[in-house]
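Raw contents of my_file12.cif, mmCIF, C-alpha atoms:
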data_query
loop_
_atom_site.group_PDB
_atom_site.id
_atom_site.type_symbol
_atom_site.label_atom_id
_atom_site.label_comp_id
_atom_site.auth_asym_id
_atom_site.auth_seq_id
_atom_site.Cartn_x
_atom_site.Cartn_y
_atom_site.Cartn_z
ATOM 1 C CA MET A 1 0.000 0.000 0.000
ATOM 2 C CA ASP A 2 1.179 3.505 -0.834
ATOM 3 C CA LYS A 3 0.337 5.331 2.413
ATOM 4 C CA GLU A 4 1.536 8.690 1.124
ATOM 5 C CA LEU A 5 -0.815 8.447 -1.837
ATOM 6 C CA MET A 6 -3.693 7.568 0.484
ATOM 7 C CA LYS A 7 -2.907 10.549 2.708
ATOM 8 C CA LYS A 8 -2.753 12.832 -0.320
ATOM 9 C CA MET A 9 -6.126 11.577 -1.543
ATOM 10 C CA ALA A 10 -7.736 12.328 1.846
ATOM 11 C CA GLY A 11 -6.139 15.766 2.153
ATOM 12 C CA GLN A 12 -7.183 16.835 -1.333
ATOM 13 C CA GLU A 13 -10.741 15.589 -0.771
ATOM 14 C CA ALA A 14 -11.127 17.469 2.512
ATOM 15 C CA VAL A 15 -10.229 20.848 1.044
ATOM 16 C CA LYS A 16 -13.503 20.749 -0.906
ATOM 17 C CA TYR A 17 -15.381 21.388 2.347
ATOM 18 C CA ILE A 18 -13.660 24.717 2.975
ATOM 19 C CA GLU A 19 -15.637 27.731 1.770
ATOM 20 C CA ASP A 20 -14.733 31.375 1.263
ATOM 21 C CA GLY A 21 -14.900 33.413 4.452
ATOM 22 C CA MET A 22 -14.566 30.463 6.814
ATOM 23 C CA THR A 23 -12.454 30.319 9.945
ATOM 24 C CA VAL A 24 -10.807 26.914 9.754
ATOM 25 C CA GLY A 25 -8.930 24.936 12.369
ATOM 26 C CA LEU A 26 -5.819 23.490 10.759
ATOM 27 C CA GLY A 27 -4.632 20.251 12.306
ATOM 28 C CA THR A 28 -1.204 18.724 12.546
ATOM 29 C CA GLY A 29 0.494 15.771 10.914
ATOM 30 C CA SER A 30 1.559 14.144 7.680
ATOM 31 C CA THR A 31 -1.945 13.914 6.210
ATOM 32 C CA VAL A 32 -2.743 17.529 7.081
ATOM 33 C CA LYS A 33 0.348 18.544 5.100
ATOM 34 C CA TYR A 34 -1.456 17.485 1.925
ATOM 35 C CA LEU A 35 -4.555 19.400 3.014
ATOM 36 C CA LEU A 36 -2.478 22.540 3.505
ATOM 37 C CA ASP A 37 -0.836 22.143 0.106
ATOM 38 C CA ALA A 38 -4.233 21.829 -1.578
ATOM 39 C CA LEU A 39 -5.623 24.723 0.450
ATOM 40 C CA GLY A 40 -2.678 26.929 -0.477
ATOM 41 C CA GLN A 41 -3.316 26.126 -4.123
ATOM 42 C CA ARG A 42 -6.950 27.246 -3.800
ATOM 43 C CA VAL A 43 -5.852 30.453 -2.076
ATOM 44 C CA ALA A 44 -3.408 31.205 -4.883
ATOM 45 C CA GLU A 45 -5.577 30.185 -7.838
ATOM 46 C CA GLU A 46 -9.107 31.023 -6.660
ATOM 47 C CA GLY A 47 -8.450 33.897 -4.281
ATOM 48 C CA LEU A 48 -10.052 31.864 -1.486
ATOM 49 C CA ARG A 49 -10.134 33.929 1.700
ATOM 50 C CA ILE A 50 -10.065 32.099 5.009
ATOM 51 C CA ILE A 51 -8.605 32.478 8.472
ATOM 52 C CA GLY A 52 -6.588 29.477 9.594
ATOM 53 C CA VAL A 53 -6.305 28.534 13.260
ATOM 54 C CA PRO A 54 -3.324 26.154 13.437
ATOM 55 C CA THR A 55 -2.890 23.540 16.151
ATOM 56 C CA SER A 56 0.907 23.491 16.030
ATOM 57 C CA ASN A 57 3.859 25.695 15.171
ATOM 58 C CA ARG A 58 4.586 23.405 12.216
ATOM 59 C CA SER A 59 1.146 23.897 10.711
ATOM 60 C CA ALA A 60 1.274 27.649 11.364
ATOM 61 C CA LYS A 61 4.556 28.028 9.499
ATOM 62 C CA ARG A 62 3.402 25.883 6.592
ATOM 63 C CA ALA A 63 0.134 27.818 6.302
ATOM 64 C CA ARG A 64 1.900 31.194 6.309
ATOM 65 C CA ASP A 65 4.370 29.985 3.692
ATOM 66 C CA LEU A 66 1.390 29.097 1.490
ATOM 67 C CA GLY A 67 -0.216 32.536 1.856
ATOM 68 C CA ILE A 68 -2.934 31.489 4.301
ATOM 69 C CA ASP A 69 -3.950 34.086 6.908
ATOM 70 C CA VAL A 70 -3.215 32.628 10.344
ATOM 71 C CA LYS A 71 -4.543 33.633 13.757
ATOM 72 C CA SER A 72 -4.404 32.229 17.273
ATOM 73 C CA ILE A 73 -7.558 30.658 18.666
ATOM 74 C CA ASP A 74 -7.757 33.513 21.174
ATOM 75 C CA ASP A 75 -7.919 36.024 18.337
ATOM 76 C CA VAL A 76 -11.039 34.574 16.682
ATOM 77 C CA ASP A 77 -14.592 34.458 17.997
ATOM 78 C CA HIS A 78 -15.537 31.149 16.366
ATOM 79 C CA ILE A 79 -14.240 28.282 14.232
ATOM 80 C CA ASP A 80 -16.519 27.068 11.455
ATOM 81 C CA LEU A 81 -14.675 23.862 10.654
ATOM 82 C CA THR A 82 -11.582 22.022 11.834
ATOM 83 C CA ILE A 83 -9.820 19.468 9.657
ATOM 84 C CA ASP A 84 -7.262 17.269 11.364
ATOM 85 C CA GLY A 85 -5.699 13.852 11.185
ATOM 86 C CA ALA A 86 -6.021 10.988 13.652
ATOM 87 C CA ASP A 87 -3.759 8.159 14.748
ATOM 88 C CA GLN A 88 -6.544 5.611 15.130
ATOM 89 C CA ILE A 89 -10.329 5.599 14.607
ATOM 90 C CA ASP A 90 -12.603 2.793 15.758
ATOM 91 C CA GLU A 91 -15.855 1.545 14.258
ATOM 92 C CA ASN A 92 -17.834 3.984 16.453
ATOM 93 C CA PHE A 93 -15.778 6.947 15.172
ATOM 94 C CA GLN A 94 -13.973 7.464 18.442
ATOM 95 C CA GLY A 95 -10.324 8.395 18.066
ATOM 96 C CA ILE A 96 -6.813 8.519 19.439
ATOM 97 C CA LYS A 97 -4.631 11.519 18.616
ATOM 98 C CA GLY A 98 -1.309 12.803 19.876
ATOM 99 C CA GLY A 99 1.292 10.922 17.887
ATOM 100 C CA GLY A 100 2.534 14.319 16.759
ATOM 101 C CA VAL A 101 2.610 15.751 20.300
ATOM 102 C CA ALA A 102 -0.077 18.362 19.564
ATOM 103 C CA HIS A 103 -3.206 16.780 21.051
ATOM 104 C CA LEU A 104 -3.741 19.458 23.713
ATOM 105 C CA ARG A 105 -3.967 22.232 21.138
ATOM 106 C CA GLU A 106 -5.839 19.926 18.766
ATOM 107 C CA LYS A 107 -8.500 19.211 21.377
ATOM 108 C CA ILE A 108 -8.864 22.882 22.332
ATOM 109 C CA VAL A 109 -9.437 23.799 18.693
ATOM 110 C CA ALA A 110 -11.738 20.818 18.078
ATOM 111 C CA ILE A 111 -14.109 21.457 20.972
ATOM 112 C CA ASN A 112 -14.442 25.099 19.920
ATOM 113 C CA SER A 113 -15.357 24.209 16.324
ATOM 114 C CA ASP A 114 -18.827 23.996 14.859
ATOM 115 C CA ARG A 115 -17.802 20.939 12.850
ATOM 116 C CA ASN A 116 -14.854 18.527 12.789
ATOM 117 C CA ILE A 117 -13.513 16.447 9.919
ATOM 118 C CA TRP A 118 -10.768 13.848 10.333
ATOM 119 C CA ILE A 119 -8.644 12.841 7.364
ATOM 120 C CA VAL A 120 -6.725 9.562 7.471
ATOM 121 C CA ASP A 121 -5.252 6.864 5.308
ATOM 122 C CA ALA A 122 -7.044 3.519 5.392
ATOM 123 C CA THR A 123 -4.538 1.942 7.807
ATOM 124 C CA LYS A 124 -5.771 4.207 10.631
ATOM 125 C CA MET A 125 -9.207 2.567 10.755
ATOM 126 C CA ALA A 126 -9.657 -0.176 13.375
ATOM 127 C CA LYS A 127 -12.394 -2.171 15.050
ATOM 128 C CA ASN A 128 -11.291 -1.020 18.502
ATOM 129 C CA LEU A 129 -8.946 1.583 19.949
ATOM 130 C CA GLY A 130 -5.763 0.716 21.773
ATOM 131 C CA SER A 131 -3.292 -0.910 19.422
ATOM 132 C CA PHE A 132 -1.929 2.607 18.863
ATOM 133 C CA PRO A 133 -0.375 3.929 22.099
ATOM 134 C CA LEU A 134 -2.512 6.475 23.947
ATOM 135 C CA PRO A 135 -0.553 9.717 24.534
ATOM 136 C CA LEU A 136 -0.810 11.726 27.735
ATOM 137 C CA GLU A 137 0.594 15.227 28.080
ATOM 138 C CA VAL A 138 1.838 15.454 31.662
ATOM 139 C CA THR A 139 3.540 18.046 33.835
ATOM 140 C CA PRO A 140 7.262 17.379 34.381
ATOM 141 C CA TYR A 141 6.788 18.093 38.091
ATOM 142 C CA GLY A 142 5.716 14.820 39.690
ATOM 143 C CA SER A 143 5.818 12.924 36.409
ATOM 144 C CA SER A 144 7.801 9.995 37.830
ATOM 145 C CA HIS A 145 5.183 9.442 40.544
ATOM 146 C CA LEU A 146 2.375 9.699 37.980
ATOM 147 C CA PHE A 147 4.251 7.205 35.801
ATOM 148 C CA ASN A 148 4.426 4.763 38.706
ATOM 149 C CA ARG A 149 0.683 5.084 39.402
ATOM 150 C CA LEU A 150 -0.114 4.424 35.755
ATOM 151 C CA ASP A 151 2.176 1.401 35.832
ATOM 152 C CA GLU A 152 0.486 0.042 38.961
ATOM 153 C CA MET A 153 -2.877 0.427 37.190
ATOM 154 C CA GLY A 154 -1.660 -1.884 34.430
ATOM 155 C CA TYR A 155 -1.508 0.777 31.701
ATOM 156 C CA HIS A 156 2.075 -0.057 30.634
ATOM 157 C CA PRO A 157 3.345 3.548 30.416
ATOM 158 C CA THR A 158 6.492 4.689 28.638
ATOM 159 C CA PHE A 159 7.990 8.165 28.530
ATOM 160 C CA ARG A 160 8.352 9.377 24.963
ATOM 161 C CA THR A 161 11.984 10.233 24.295
ATOM 162 C CA ASN A 162 13.948 11.756 21.446
ATOM 163 C CA ALA A 163 16.964 10.388 19.585
ATOM 164 C CA LYS A 164 19.295 11.659 22.306
ATOM 165 C CA GLY A 165 17.313 9.954 25.054
ATOM 166 C CA GLY A 166 15.782 13.130 26.442
ATOM 167 C CA HIS A 167 12.104 13.762 27.010
ATOM 168 C CA VAL A 168 10.027 14.787 24.003
ATOM 169 C CA LEU A 169 8.507 18.170 24.885
ATOM 170 C CA THR A 170 5.109 19.523 23.920
ATOM 171 C CA HIS A 171 4.371 23.118 22.894
ATOM 172 C CA ALA A 172 3.909 23.874 26.604
ATOM 173 C CA ASP A 173 7.197 22.154 27.551
ATOM 174 C CA ASN A 174 5.388 19.239 29.142
ATOM 175 C CA TYR A 175 6.313 15.553 28.837
ATOM 176 C CA ILE A 176 4.515 12.795 26.941
ATOM 177 C CA ILE A 177 3.685 9.445 28.516
ATOM 178 C CA ASP A 178 2.335 6.829 26.109
ATOM 179 C CA LEU A 179 0.017 4.125 27.447
ATOM 180 C CA ASN A 180 0.524 0.802 25.692
ATOM 181 C CA LEU A 181 -2.901 -0.657 26.284
ATOM 182 C CA GLY A 182 -3.354 -2.977 23.319
ATOM 183 C CA TYR A 183 -7.151 -2.815 23.587
ATOM 184 C CA ILE A 184 -9.431 -0.202 25.139
ATOM 185 C CA GLU A 185 -12.682 -1.925 26.011
ATOM 186 C CA ARG A 186 -14.482 1.073 27.535
ATOM 187 C CA PRO A 187 -13.050 4.351 26.187
ATOM 188 C CA HIS A 188 -15.447 6.607 28.074
ATOM 189 C CA GLU A 189 -14.623 4.963 31.407
ATOM 190 C CA LEU A 190 -10.911 5.350 30.715
ATOM 191 C CA GLU A 191 -11.478 8.981 29.771
ATOM 192 C CA THR A 192 -13.094 9.635 33.164
ATOM 193 C CA ILE A 193 -10.212 7.960 35.008
ATOM 194 C CA LEU A 194 -7.589 9.977 33.152
ATOM 195 C CA ASN A 195 -9.512 13.243 33.520
ATOM 196 C CA ASN A 196 -9.401 12.790 37.298
ATOM 197 C CA MET A 197 -5.669 12.081 37.599
ATOM 198 C CA THR A 198 -3.622 15.031 38.829
ATOM 199 C CA GLY A 199 -0.628 15.763 36.616
ATOM 200 C CA ILE A 200 -2.268 14.782 33.343
ATOM 201 C CA VAL A 201 -2.755 17.971 31.353
ATOM 202 C CA GLU A 202 -4.616 16.269 28.509
ATOM 203 C CA HIS A 203 -5.000 12.774 27.056
ATOM 204 C CA GLY A 204 -5.282 11.674 23.457
ATOM 205 C CA LEU A 205 -8.755 10.145 23.601
ATOM 206 C CA PHE A 206 -10.993 12.156 21.270
ATOM 207 C CA LEU A 207 -14.469 10.858 22.030
ATOM 208 C CA ASP A 208 -17.723 12.076 20.458
ATOM 209 C CA VAL A 209 -15.803 14.834 18.679
ATOM 210 C CA VAL A 210 -15.727 14.104 14.955
ATOM 211 C CA ASP A 211 -18.607 14.742 12.543
ATOM 212 C CA MET A 212 -17.119 13.319 9.344
ATOM 213 C CA VAL A 213 -14.223 11.011 8.517
ATOM 214 C CA ILE A 214 -12.518 10.995 5.117
ATOM 215 C CA VAL A 215 -10.530 7.826 4.482
ATOM 216 C CA GLY A 216 -7.999 7.881 1.691
ATOM 217 C CA HIS A 217 -7.294 4.826 -0.443
ATOM 218 C CA GLU A 218 -4.826 4.612 -3.304
ATOM 219 C CA ASP A 219 -7.451 5.309 -5.965
ATOM 220 C CA HIS A 220 -10.433 6.836 -4.140
ATOM 221 C CA CYS A 221 -11.765 8.244 -0.863
ATOM 222 C CA GLU A 222 -14.518 7.023 1.433
ATOM 223 C CA THR A 223 -16.503 9.590 3.402
ATOM 224 C CA PHE A 224 -18.374 8.662 6.579
ATOM 225 C CA GLU A 225 -20.754 10.717 8.661
ATOM 226 C CA ALA A 226 -19.929 9.832 12.266
ATOM 227 C CA LYS A 227 -22.764 7.724 13.651
ATOM 228 C CA ARG A 228 -22.071 6.144 17.010
ATOM 229 C CA ASN A 229 -23.682 3.101 18.625
#
Whole structure, C-alpha cells version:
Amino acid sequence: MDKELMKKMAGQEAVKYIEDGMTVGLGTGSTVKYLLDALGQRVAEEGLRIIGVPTSNRSAKRARDLGIDVKSIDDVDHIDLTIDGADQIDENFQGIKGGGVAHLREKIVAINSDRNIWIVDATKMAKNLGSFPLPLEVTPYGSSHLFNRLDEMGYHPTFRTNAKGGHVLTHADNYIIDLNLGYIERPHELETILNNMTGIVEHGLFLDVVDMVIVGHEDHCETFEAKRN
C-alpha cells in the first residue's frame, strides 16, 4: 500500500469542504500537510479567503508559507470547521490523537469548532482503539510518581523520548507518557479515570468529537458521517 498516496487523496478531498470566508482549524500531521498544500493552491488560484487557526507551530509556518492568513484561537470568535488527522479511529468513530505531540492544542481547537472532519489513510481505521499507544501530556513536576501510578494500574506507560534519550517536549514544555494498552474496552470509562488524575494535562482520547471522517485509499476516498452506537 502507498500510504503517502492515500494521505494525499484524503487531504485533497477534505479541502472541498472549505468555503470562502470560513475560519478553519488546521490540524497537525503528515496527512494535514497534503490538506495545507491543496488549500494553499486554492488560495493562490481562486483567491479563497479564510482564516486558519493552526494547532501546532509546524502547521502555522506551513500555512503562512502558502499565503494562508493565520490567527491564534484567542484572536477569533468562532471556528466554522476544523480538519485534522487521527492516529486511530474505531468503528464507532472514536479516536486517538497525539502521535505528533499536539493533542492538547488539537482538542482545544476541536471542541471550539462547529464541525470537525478527520482525514486519514485507510490503515488508521480499526475495530477497537488501543493498538496505537494512547498519549498523555503530563507536567514534568511529579511525572515519575504519575508514571508509577499508571504502571500500577496496568496501563504499561512509557515516557516518549527523542533520539538523544531526552524527554520529548510539547508546545507547553510538558512531557509525553504513552500508554501501551493494546485494547481499550471502555473508552469513556478510561477517559473519566484519566480526567481525574492530577498531573495529566490532557490525554489523546478524542471521544464524540468528529462529525465526518474521510478515508484515503490509493485510488479513491470514502466519506463517513460519524454515527455512534
Report as a ChimeraX atom specification the full result of the PyMOL selection byres ((chain A and resi 13) around 9) when it is applied to this structure. /A:8-12,14-17,35,119,214,216,221
Can you list, as an mmCIF file with C-alpha atoms, in the frame of the given file, the residues that the PyMOL selection byres ((chain A and resi 18) around 10) selects here?
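Output contents, as saved in result.cif:
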data_model
loop_
_atom_site.group_PDB
_atom_site.id
_atom_site.type_symbol
_atom_site.label_atom_id
_atom_site.label_comp_id
_atom_site.auth_asym_id
_atom_site.auth_seq_id
_atom_site.Cartn_x
_atom_site.Cartn_y
_atom_site.Cartn_z
ATOM 1 C CA ALA A 14 -11.127 17.469 2.512
ATOM 2 C CA VAL A 15 -10.229 20.848 1.044
ATOM 3 C CA LYS A 16 -13.503 20.749 -0.906
ATOM 4 C CA TYR A 17 -15.381 21.388 2.347
ATOM 5 C CA GLU A 19 -15.637 27.731 1.770
ATOM 6 C CA ASP A 20 -14.733 31.375 1.263
ATOM 7 C CA GLY A 21 -14.900 33.413 4.452
ATOM 8 C CA MET A 22 -14.566 30.463 6.814
ATOM 9 C CA THR A 23 -12.454 30.319 9.945
ATOM 10 C CA VAL A 24 -10.807 26.914 9.754
ATOM 11 C CA LEU A 39 -5.623 24.723 0.450
ATOM 12 C CA ARG A 42 -6.950 27.246 -3.800
ATOM 13 C CA LEU A 48 -10.052 31.864 -1.486
ATOM 14 C CA ARG A 49 -10.134 33.929 1.700
ATOM 15 C CA ILE A 50 -10.065 32.099 5.009
ATOM 16 C CA ASP A 80 -16.519 27.068 11.455
ATOM 17 C CA LEU A 81 -14.675 23.862 10.654
ATOM 18 C CA THR A 82 -11.582 22.022 11.834
ATOM 19 C CA ILE A 83 -9.820 19.468 9.657
#
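Here the question is which of A:Glu106, A:Glu4, A:Glu46, A:Glu91 gets nearest to Ile73 (chain A) using only C-alpha atoms, and that residue is A:Glu106.
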Sorted by chain and rising residue number, list the residues of region 8-110 of chain A at most 12 Å from region 164-181 of chain A (counting all atoms listed in the file), each with its closest atom pair and distance in Å to one decimal, as JSON lines.
{"residue": "A:Thr55", "atom": "CA", "partner": "A:His171", "partner_atom": "CA", "distance": 9.9}
{"residue": "A:Ser56", "atom": "CA", "partner": "A:His171", "partner_atom": "CA", "distance": 7.7}
{"residue": "A:Asn57", "atom": "CA", "partner": "A:His171", "partner_atom": "CA", "distance": 8.2}
{"residue": "A:Arg58", "atom": "CA", "partner": "A:His171", "partner_atom": "CA", "distance": 10.7}
{"residue": "A:Ile96", "atom": "CA", "partner": "A:Leu179", "partner_atom": "CA", "distance": 11.4}
{"residue": "A:Lys97", "atom": "CA", "partner": "A:Asp178", "partner_atom": "CA", "distance": 11.3}
{"residue": "A:Gly98", "atom": "CA", "partner": "A:Ile176", "partner_atom": "CA", "distance": 9.2}
{"residue": "A:Gly99", "atom": "CA", "partner": "A:Asp178", "partner_atom": "CA", "distance": 9.2}
{"residue": "A:Gly100", "atom": "CA", "partner": "A:Thr170", "partner_atom": "CA", "distance": 9.2}
{"residue": "A:Val101", "atom": "CA", "partner": "A:Thr170", "partner_atom": "CA", "distance": 5.8}
{"residue": "A:Ala102", "atom": "CA", "partner": "A:Thr170", "partner_atom": "CA", "distance": 6.9}
{"residue": "A:His103", "atom": "CA", "partner": "A:Thr170", "partner_atom": "CA", "distance": 9.2}
{"residue": "A:Leu104", "atom": "CA", "partner": "A:Thr170", "partner_atom": "CA", "distance": 8.9}
{"residue": "A:Arg105", "atom": "CA", "partner": "A:His171", "partner_atom": "CA", "distance": 8.6}
{"residue": "A:Glu106", "atom": "CA", "partner": "A:His171", "partner_atom": "CA", "distance": 11.5}
Within 8 Å of Leu36 (chain A) using all atoms listed in the file, minus same-chain residues under 3 positions, as a CSV table (one decimal) with C-alpha atoms, keeping the file's coordinate frame:
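File result.csv, as written:
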chain,number,residue,atom,x,y,z
A,11,GLY,CA,-6.1,15.8,2.2
A,32,VAL,CA,-2.7,17.5,7.1
A,33,LYS,CA,0.3,18.5,5.1
A,39,LEU,CA,-5.6,24.7,0.4
A,40,GLY,CA,-2.7,26.9,-0.5
A,62,ARG,CA,3.4,25.9,6.6
A,63,ALA,CA,0.1,27.8,6.3
A,66,LEU,CA,1.4,29.1,1.5
Interatomic distance, CA of Arg160 (chain A) to CA of Leu129 (chain A) (Å, one decimal): 19.6 Å
Give me, as number ranges by chain, all polymer residues having an atom no more than 8 Å from region 126-128 of chain A, counting only C-alpha atoms and skipping those fewer than 6 positions away in the same chain. A: 88-91, 183-185
Can those selected residues be exported to a file as a JSON list (two decimals), in the coordinates of the input so that it contains C-alpha atoms?
[["chain", "number", "residue", "atom", "x", "y", "z"],
["A", 88, "GLN", "CA", -6.54, 5.61, 15.13],
["A", 89, "ILE", "CA", -10.33, 5.60, 14.61],
["A", 90, "ASP", "CA", -12.60, 2.79, 15.76],
["A", 91, "GLU", "CA", -15.86, 1.54, 14.26],
["A", 183, "TYR", "CA", -7.15, -2.82, 23.59],
["A", 184, "ILE", "CA", -9.43, -0.20, 25.14],
["A", 185, "GLU", "CA", -12.68, -1.92, 26.01]]
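Between Gly29 (chain A) and the residues A:Gly95, A:Gly52, A:Gly85, A:Pro133, the shortest atom-to-atom distance, using all atoms listed in the file, involves A:Gly85.
Taking all atoms listed in the file into account, Gly199 (chain A) lies nearest to A:Ser143 out of the set A:Thr161, A:Thr223, A:Ser143, A:Asn116.
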Restricting to all atoms listed in the file, whichever of A:Leu150, A:Met125, A:Val201, A:Val53 is closest to Ala86 (chain A) is A:Met125
Please enclose the listed atoms of region 66-82 of chain A in an axis-aligned box, pad each side by 4 Å, and write out the centre and the three edge lengths in Å, rounded to one decimal, as JSON.
{"center_x": -7.6, "center_y": 29.0, "center_z": 11.3, "size_x": 25.9, "size_y": 22.0, "size_z": 27.7}
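Using all atoms listed in the file for every distance, the candidate list A:Trp118, A:Ile68, A:Val43, A:Tyr141 yields A:Trp118 as the residue closest to Phe224 (chain A).
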Quick one: residues within 9 Å of Arg115 (chain A), all atoms listed in the file counted, chain neighbours fewer than 2 positions away excluded, as an NGL selection string? :A and (79-83 or 110-113 or 117 or 209-212)
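In terms of minimum interatomic distance to Val120 (chain A), A:Val215 ranks closest within A:Met1, A:Val215, A:Ala226, A:Val70, counting all atoms listed in the file.
Taking CA of Thr31 (chain A) as the reference point, CA of Leu207 (chain A) is found at 20.4 Å.
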To verify the selection step, state as an MDAnalysis selection string which residues the PyMOL selection byres ((chain A and resi 147) around 10) yields on this input. chainID A and resid 138 142:146 148:153 155:159 177:179 199
Suppose we keep C-alpha atoms; can you now write the selection as a PDB file, in the coordinates of the input?
ATOM      1  CA  VAL A 138       1.838  15.454  31.662  1.00  0.00           C
ATOM      2  CA  GLY A 142       5.716  14.820  39.690  1.00  0.00           C
ATOM      3  CA  SER A 143       5.818  12.924  36.409  1.00  0.00           C
ATOM      4  CA  SER A 144       7.801   9.995  37.830  1.00  0.00           C
ATOM      5  CA  HIS A 145       5.183   9.442  40.544  1.00  0.00           C
ATOM      6  CA  LEU A 146       2.375   9.699  37.980  1.00  0.00           C
ATOM      7  CA  ASN A 148       4.426   4.763  38.706  1.00  0.00           C
ATOM      8  CA  ARG A 149       0.683   5.084  39.402  1.00  0.00           C
ATOM      9  CA  LEU A 150      -0.114   4.424  35.755  1.00  0.00           C
ATOM     10  CA  ASP A 151       2.176   1.401  35.832  1.00  0.00           C
ATOM     11  CA  GLU A 152       0.486   0.042  38.961  1.00  0.00           C
ATOM     12  CA  MET A 153      -2.877   0.427  37.190  1.00  0.00           C
ATOM     13  CA  TYR A 155      -1.508   0.777  31.701  1.00  0.00           C
ATOM     14  CA  HIS A 156       2.075  -0.057  30.634  1.00  0.00           C
ATOM     15  CA  PRO A 157       3.345   3.548  30.416  1.00  0.00           C
ATOM     16  CA  THR A 158       6.492   4.689  28.638  1.00  0.00           C
ATOM     17  CA  PHE A 159       7.990   8.165  28.530  1.00  0.00           C
ATOM     18  CA  ILE A 177       3.685   9.445  28.516  1.00  0.00           C
ATOM     19  CA  ASP A 178       2.335   6.829  26.109  1.00  0.00           C
ATOM     20  CA  LEU A 179       0.017   4.125  27.447  1.00  0.00           C
ATOM     21  CA  GLY A 199      -0.628  15.763  36.616  1.00  0.00           C
TER      22      GLY A 199
END
Can I get region 58-72 of chain A with N, CA, C and O atoms filled in, as a short mmCIF file (atom, residue, chain, number, x, y, z; two decimals), keeping the file's coordinate frame?
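Saved the output as rebuild-v7.cif:
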data_model
loop_
_atom_site.label_atom_id
_atom_site.label_comp_id
_atom_site.auth_asym_id
_atom_site.auth_seq_id
_atom_site.Cartn_x
_atom_site.Cartn_y
_atom_site.Cartn_z
N ARG A 58 4.28 23.93 13.54
CA ARG A 58 4.59 23.40 12.22
C ARG A 58 3.50 23.78 11.21
O ARG A 58 3.79 24.24 10.10
N SER A 59 2.25 23.57 11.61
CA SER A 59 1.15 23.90 10.71
C SER A 59 1.05 25.40 10.49
O SER A 59 0.71 25.85 9.39
N ALA A 60 1.32 26.19 11.51
CA ALA A 60 1.27 27.65 11.36
C ALA A 60 2.30 28.13 10.35
O ALA A 60 1.98 28.96 9.47
N LYS A 61 3.51 27.62 10.44
CA LYS A 61 4.56 28.03 9.50
C LYS A 61 4.21 27.61 8.08
O LYS A 61 4.36 28.40 7.12
N ARG A 62 3.75 26.37 7.93
CA ARG A 62 3.40 25.88 6.59
C ARG A 62 2.28 26.71 5.99
O ARG A 62 2.31 27.07 4.80
N ALA A 63 1.26 27.03 6.80
CA ALA A 63 0.13 27.82 6.30
C ALA A 63 0.59 29.21 5.87
O ALA A 63 0.20 29.70 4.79
N ARG A 64 1.41 29.86 6.67
CA ARG A 64 1.90 31.19 6.31
C ARG A 64 2.71 31.14 5.02
O ARG A 64 2.58 32.02 4.16
N ASP A 65 3.55 30.12 4.90
CA ASP A 65 4.37 29.98 3.69
C ASP A 65 3.51 29.84 2.44
O ASP A 65 3.93 30.21 1.34
N LEU A 66 2.30 29.31 2.62
CA LEU A 66 1.39 29.10 1.49
C LEU A 66 0.44 30.28 1.27
O LEU A 66 -0.45 30.21 0.43
N GLY A 67 0.61 31.35 2.04
CA GLY A 67 -0.22 32.54 1.86
C GLY A 67 -1.55 32.50 2.57
O GLY A 67 -2.45 33.30 2.26
N ILE A 68 -1.69 31.60 3.54
CA ILE A 68 -2.93 31.49 4.30
C ILE A 68 -2.86 32.40 5.53
O ILE A 68 -1.86 32.39 6.26
N ASP A 69 -3.88 33.20 5.75
CA ASP A 69 -3.95 34.09 6.91
C ASP A 69 -4.11 33.24 8.16
O ASP A 69 -5.01 32.39 8.25
N VAL A 70 -3.25 33.46 9.14
CA VAL A 70 -3.22 32.63 10.34
C VAL A 70 -3.45 33.48 11.58
O VAL A 70 -2.90 34.57 11.71
N LYS A 71 -4.30 32.96 12.49
CA LYS A 71 -4.54 33.63 13.76
C LYS A 71 -4.55 32.61 14.89
O LYS A 71 -4.83 31.43 14.68
N SER A 72 -4.28 33.07 16.09
CA SER A 72 -4.40 32.23 17.27
C SER A 72 -5.87 32.02 17.61
O SER A 72 -6.74 32.86 17.29
#
